[in-house]
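First the structure, in the form of structure tokens, and then the observations on it.
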Amino acid sequence: MIIFEISIVKAELPAHANDWTKCFVQIIVDGSHVAKTKSTKKPGVFEWQQHFELYVLTLSIRARKFELRRKSALSLLGSQLLAFTEASVSDLLLKMQKASRLGQDVSLPLQSTKSKLAGGDDNWHLFIRLAAQDSLPVAKVEHPRISRSLSEIVLKLEAFMQLGDAIAQVHPYAFIAWRTATAVYTILKAQVDQETRLDALGSLMRDAYLFVEDVNSFPEKIPALEETMTKLFVQTSECAIFIQECSGHGFAKRLVSTAWVERRINDLTDGFTLLKRALESRVAVQTAVVSFRIDNAVKHIVNIQNLMKLHPADMDDPSRPECLPNTRMDIIGDIYKWATTPIGPTVFWLHGFPGAGKSTIATSVANLFRQQRRLGAFTFFTRGVEARSDPASLIRTIAYQLGEFDPRICDAISRVIEETPSIKQAPLHWQFQRLLVDPLRSLEDLQWEGPVLVVIDALDECGRTGVRSDLLTALARESMLLPPTLRIFVTSRAEKDIYNAFSPYPHIYSRELDLSSETNEHDVKAYIRHRMVAIRLQNEYLDLPPDWPGASRVDALTLRASGLFVWAATACRYVENGQDPEERLAQLLRSEVQADSESALDNIYITALESAGKWSDSAFAADFREILGIVIVAENPLTSGTIDILNADFTTGRKKRPCMHTIQHLGCVLQWAADKPIRVFHPSFADFITERRRCGRDAWHINKSHHRLRLARQCIGRLGVALQKNICQLTLSRSFEVQNLPDVTAYPCIHWIDHLCQVQSSEPSLSQEIDGFLHKHFLHWVEAMSAIGRPRQTITLVDKLRDWVDANCSHDDSLRSFVRDAERFCQAYVHVFEQHPLLVYQSALPFTPTSSVIYKTFNEPTLPQVDGFRDQWSPLLTEFSKPGENVTAVSCSVDGRYIASSSKRSISVWDSTSYELVTSLLPGAGNATNVIKFSPNSVHIASGHADGSVRLWDALSGKEILATMKGHREDVYVLDFSGDGTQLVSAGKDQKIVTWDIRTGKMHREPLTGHKKTVLCLCFAQNSTRLASGSRDRSIRIWDIETSQAVLPPLLHHSGGVNALVYTPDGRRLISASDDKTICVWDADSGALQQLPSKIDVPFILQGHNSTIYSLSISPNGTLLASASKDTTVRLWDIRVGKELPALVRQHRLPVRCITFTADGRNIVTSSLNDPVLRVWDTESTGSMGITRRHKGLVGSLSFSSDGKRLASGGKDRRVRVWNVETGEMAVELSLEREVYRVGFSLDGSKIIALDDTNAVFAWRADTHEPLMASPNDAPRGEVYRGPLSLVKSQWIDNTETKEALLMFPNMSRIMAKASWQDRFAVGTANGGVVIVSFPGLESEL
């Protein structure tokens, strides 16, 4: 361990730097920032005199870089690099030696980053002081009595540990106490300043160890005192850490408060007093180990309910094995020393070969720190367990466990969750910063209390390579920002991606578990010896000798283990499970010693499998592959009963042998218990059996692709048998509790699509199988998913299924059509069936378009029948809003997760899948937001305002992260980011274009000028070197962003203001839209108006809108252009051929102001002028908007005739219409001069009656429709309901007689009128719709 002491003294800079302030020096080691000075305050004075201690593992490979920087408005976003110098460690040491001889500081020449900064002067120098040492710093004061006490304790512990097997259970704690006390004794041995109470504590500790002399003479006393001794050893370790903190060499880096020390000394003194008495009296004492952590004394409300919102993974597994007593003490001791040493790396990465014992070490370390109340979190990944193999869950789970561990941490994390409810959906690096770094760094008390350990075991089992890259990056980069008291211990295989992520960072200490070391061989041997003793005792009737199997055979087994604990464990289970242990042992010893660990591991698995069954029996081999195939590829471990059902022959019904008939022979490689899932003992067996090269036999080989496809088919087969309508026997109601389906049904429901999408197969029989299943059970599956609380997962699963079907079943039009329909069904009605599973049939299906495959396949006469809704899927997928806040701008994040919208009052961020509000950004009262834009990394949102300001926000927390940028005098109307996200341009009413450096919040250069009127649009080219701007002055200008000069003459063709500009993704075309109702396509390089494809001398101008075009957006693949216009339409254009797609016109009620494609290009998001509603549209559907408009305005009144065969409707369009209820056809249309207020029929049905908004009454003959004289007495009555049906909560239809819920209306235009007649119910809507619902089953009851 080498410690560099570096003092940054001062810098000498050229004369032109005399007015500079806020300069600092940053130290970089191997590309990672490790330290920086404070910023200078006085102009031209560059002095710091700051001291740093930096940890280095070796002198030979570390390169250092010193950067002189100038502080930005927000240092988190970066700073301006002024100059730098680089030097290797060896060079620095040579300079240090030379300077020390001369009594001078080390002078390092600085290289300026830009020639214009240097100003022709090379007088740039940095002065530093250097020192190096290879051990912990020695204190300058001494405590002779406590040092003497610690010395005696060390000697007693050394003597105690010589007792061997008699202290096996407490030895690890004694060893750790000895290591910790020795380390602190080394620190204190030269100190001379006395602290009476601290010395008294040391004396008390020493006296507590008087029992050692007693137990050395009478080791038989140890079992009775075992628990008390363990507590003493743990208490000693804790006290040693406390003394380290008090000596000034702890984690706090400074003296802690006297009052705090006094309280801790009192607590520790009481603890040692009780333990000493217990050891003297030989009576176990019920006392807890005293920790000098203060978590129990802090009066905080532990908001565990808030932490549960993080959805942590379940890490409850008490069966995880620990290291055998007296084994692995070297590595455990080193880990303990690392964790309790204040300086040095904060992350310890232990890696090694599969089966080397990393997980048992991790468990032992976790339990050791748990005993000392210093285990902050223990997380472990498990391949084959869905919840424990998801990279997205790690940071949230660590945060949750840390919150459970310490109420103060809980409070800090809870505040983050309250500020950012969508934190679980945030990028992982952002989660790490907000859930771990920020809360922990905000708690200064933690720095006084010694280390807190986080254990992450089996990181390599966390997802697949590539899938976990974001997690590895976040863990490696962000962990350096954690306070030094938070230590992270990671174990994994040495996978390449993990190595590449961790190796560049000096704060991550990497250590390989050495299988060939003498201590490792000793530990493997101890493990084998221990297990063989247990096997001998289990076989008492075999009369095995007391020393069985003998030292020589234990040595021979150890040799064959090649250092692998998993080999030893498998071999011992192999011997244990045999009828004759001697015979099994002989078989193992007949095998050759292998040259490497993998061969040794393969050899033991081969030996185990060879003895497991009769491999010449094809039936046994087939059963083995079928069963092990399910065990290996299942997303979660399954019980034997579930495996039996999923392994059934669903085609012929042939009965198969129970899986336990085969599994019972595999006890050395599989583990199970009654009603418990079946698992492989170690993931290395799954690796062995899924690699044909390693397992060597077809009879054993599990081809993952084959078995994933087989399991997908078996899941489909099982669902075909199990699924049925109302599978949980529920009654429809307005409330619903999640149901528990048995695993044998729930598992295939959740995972059949996942298994299918993991393979590629274009077998016609497979597509027919899927098609047949969906046509029969799709609705049953949706119901079951809703019942188990996963309705929204149907959207993502069917979306995955659609992609798979398009890729693998292009030949099957029936299946492709069905899956597309199924996706729309789930998108359109998930808000319905998530309220209750039975609404799949009672509401979602009846409102499905009558021409859809889903409706035609599943509609039944007994279900509710709907007339007047829609006959095709609407292109409008959904709409959502903040009532009362009209939208001014819309932007979609590049990562596809969020949609942002602005209004005069706020900026809202919405989840792009659930369309739920994630967070709100509040610019402040009276400062309207005109425009917003997501940054390219989807982390920030820029906003432009009416007061001329530009702001930058954190998209998820809603916090402003830069000081307000002020560079405009009037409204800002347009913003755009450069491709790398480092620059932001803004423009507006003052005609200036300002470029901002978003790392500093400062203007990057002088504003661009040239436009004569308001600038309405800006767009960076693909390479961000050019910027296009459009103005109300009808011109388009192209700028070089570096030189701030126009690179082309103004582009002039439009006869109106230029409102929108977009570059195509390939950067070759620039597209503009104008007040003149046209869209022009320009050559991006030359600025010439392009020619229409396939046309000669025809300019590339798109026409079709009838009014001003406000906005443009181009699809990510560059094929579709969307335009939004004042004429209330959105039009889609095929930009490759220059033609409009007329079937895809998206009609709105109001002028459309904003439009943008989503990241996947499938949908567009729009908003209208003076409208709070955001709308999401499908880019492919050609259907109508939804409800058939039967009036041209709001429908305010409905009434059934007395026989229920006719329905009258009236609305604001001054029309009375009568409908044939059976056919849905209009029978007659009658006109009034005023708005219709109420409609009805006479009691005998012979008259149609209407009342207008002046209370004038009108009547017509019902048969001939001739006008009749009417008096006020003829006015239609206000009676709405004629029968048991009524509308409840504006959305549900209930049977008032039986109190049953019958139907829930889906999202649609607001219901303004209602009427019922026996089994029929009608509603009129705000957009002119009339919907009639009939309940066939109800008619017979009436």
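In the structure tokens, each chain is lettered A, B, ... as it comes, each chain's residues begin at 1, and ligands are numbered from 1 in order of appearance.
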
(Q) Applying 10 Å and only C-alpha atoms, which residues near Gln80 of chain A remain after dropping the ones on its own chain fewer than 6 positions away? List them as a ChimeraX atom specification. (A) /A:23,68-72,113,999-1000

Please produce a file of those selected residues containing N, CA and C atoms, as a compact mmCIF listing (two decimals), in the first residue's frame.
```txt
# COMPACT_ATOMS: atom_id res chain seq x y z
N CYS A 23 -10.40 29.68 -10.23
CA CYS A 23 -9.55 28.68 -10.86
C CYS A 23 -9.20 27.59 -9.85
N LEU A 68 -5.45 22.53 -14.87
CA LEU A 68 -5.84 23.84 -14.36
C LEU A 68 -7.15 24.21 -15.03
N ARG A 69 -8.19 24.41 -14.23
CA ARG A 69 -9.52 24.67 -14.76
C ARG A 69 -10.12 25.93 -14.14
N ARG A 70 -11.10 26.45 -14.84
CA ARG A 70 -11.82 27.62 -14.35
C ARG A 70 -13.26 27.21 -14.06
N LYS A 71 -13.73 27.49 -12.88
CA LYS A 71 -15.01 26.98 -12.41
C LYS A 71 -16.17 27.56 -13.21
N SER A 72 -17.14 26.69 -13.53
CA SER A 72 -18.34 27.11 -14.25
C SER A 72 -19.44 27.47 -13.27
N THR A 113 -4.35 24.97 -23.40
CA THR A 113 -5.23 24.21 -24.30
C THR A 113 -5.48 24.92 -25.62
N ARG A 999 -22.47 23.30 -20.11
CA ARG A 999 -21.64 22.92 -18.96
C ARG A 999 -21.43 24.09 -18.02
N THR A 1000 -21.48 25.30 -18.57
CA THR A 1000 -21.23 26.48 -17.75
C THR A 1000 -22.43 27.40 -17.65
```

(Q) Give me the residues near Thr888 of chain A as a ChimeraX atom specification, where near means some atom within 6 Å (using only C-alpha atoms) and where sequence neighbours in that chain fewer than 6 positions away do not count. (A) /A:902-903,930

Please save C-alpha atoms of the selected residues as a compact mmCIF listing (two decimals), in the first residue's frame.
```
# COMPACT_ATOMS: atom_id res chain seq x y z
CA SER A 902 -45.20 22.87 -21.38
CA SER A 903 -47.93 25.31 -20.51
CA ASN A 930 -43.02 29.11 -24.85
```

Q. Of the candidates A:Arg951, A:His1004, A:Arg370, A:His831, which shows the shortest atom-to-atom distance to Leu975 of chain A, using only C-alpha atoms?
A.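 Result for the nearest residue to Leu975 of chain A: A:Arg951.
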
Q: Just give me the gap between atom CA of Ala608 of chain A and atom CA of Cys462 of chain A in Å, one decimal is fine.
A: 28.0 Å

Q. Near segment 582-594 of chain A, counting only C-alpha atoms, which residues have an atom at most 7 Å away, once you skip same-chain residues fewer than 4 positions from it, shown as a list in words?
A.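 That gives Leu557, Leu559, Arg560, Val575, Gly578, Ser599 and Ala600 of chain A.
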
**Q.** Polymer residues at most 10 Å from Arg734 of chain A, only C-alpha atoms, same-chain spacing of 2 or more positions, as a list in words
**A.**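 Within the cut-off, the hits are Thr731, Leu732, Phe736, Gln835, His836, Trp1292, Asp1294, Glu1300, Ala1301, Leu1302, Leu1303 and Met1304 of chain A.
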
Go ahead and save the residues from that selection, with N, CA and C atoms, as an mmCIF file, in the first residue's frame.
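Below is the file out14.cif, written as the result:
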```
data_model
loop_
_atom_site.group_PDB
_atom_site.id
_atom_site.type_symbol
_atom_site.label_atom_id
_atom_site.label_comp_id
_atom_site.auth_asym_id
_atom_site.auth_seq_id
_atom_site.Cartn_x
_atom_site.Cartn_y
_atom_site.Cartn_z
ATOM 1 N N THR A 731 -66.840 -12.173 -9.310
ATOM 2 C CA THR A 731 -68.052 -11.437 -9.666
ATOM 3 C C THR A 731 -67.644 -10.022 -10.017
ATOM 4 N N LEU A 732 -68.137 -9.506 -11.137
ATOM 5 C CA LEU A 732 -67.765 -8.170 -11.566
ATOM 6 C C LEU A 732 -68.201 -7.128 -10.536
ATOM 7 N N PHE A 736 -61.429 -4.510 -6.878
ATOM 8 C CA PHE A 736 -60.820 -5.792 -7.246
ATOM 9 C C PHE A 736 -59.542 -6.005 -6.453
ATOM 10 N N GLN A 835 -59.001 -2.515 -14.104
ATOM 11 C CA GLN A 835 -59.954 -2.269 -13.016
ATOM 12 C C GLN A 835 -60.579 -3.559 -12.520
ATOM 13 N N HIS A 836 -60.749 -4.519 -13.426
ATOM 14 C CA HIS A 836 -61.300 -5.826 -13.043
ATOM 15 C C HIS A 836 -61.085 -6.777 -14.215
ATOM 16 N N TRP A 1292 -69.740 3.715 -15.036
ATOM 17 C CA TRP A 1292 -70.205 2.346 -14.853
ATOM 18 C C TRP A 1292 -71.709 2.260 -15.085
ATOM 19 N N ASP A 1294 -74.759 0.028 -13.826
ATOM 20 C CA ASP A 1294 -75.114 -0.918 -12.768
ATOM 21 C C ASP A 1294 -76.561 -1.354 -12.927
ATOM 22 N N GLU A 1300 -75.565 -5.177 -9.087
ATOM 23 C CA GLU A 1300 -74.436 -5.707 -9.839
ATOM 24 C C GLU A 1300 -73.869 -4.646 -10.792
ATOM 25 N N ALA A 1301 -72.539 -4.662 -10.938
ATOM 26 C CA ALA A 1301 -71.896 -3.855 -11.973
ATOM 27 C C ALA A 1301 -71.945 -4.651 -13.274
ATOM 28 N N LEU A 1302 -72.310 -4.000 -14.379
ATOM 29 C CA LEU A 1302 -72.479 -4.704 -15.652
ATOM 30 C C LEU A 1302 -71.444 -4.311 -16.699
ATOM 31 N N LEU A 1303 -70.985 -3.051 -16.671
ATOM 32 C CA LEU A 1303 -70.117 -2.583 -17.741
ATOM 33 C C LEU A 1303 -69.432 -1.302 -17.299
ATOM 34 N N MET A 1304 -68.198 -1.095 -17.808
ATOM 35 C CA MET A 1304 -67.500 0.167 -17.597
ATOM 36 C C MET A 1304 -67.189 0.777 -18.952
#
```

Q: Using backbone DSSP assignments, extract all alpha helix (DSSP H) residues from segment 302-332 of chain A; output them as an MDAnalysis selection string.
A: chainID A and resid 304:307 329:332
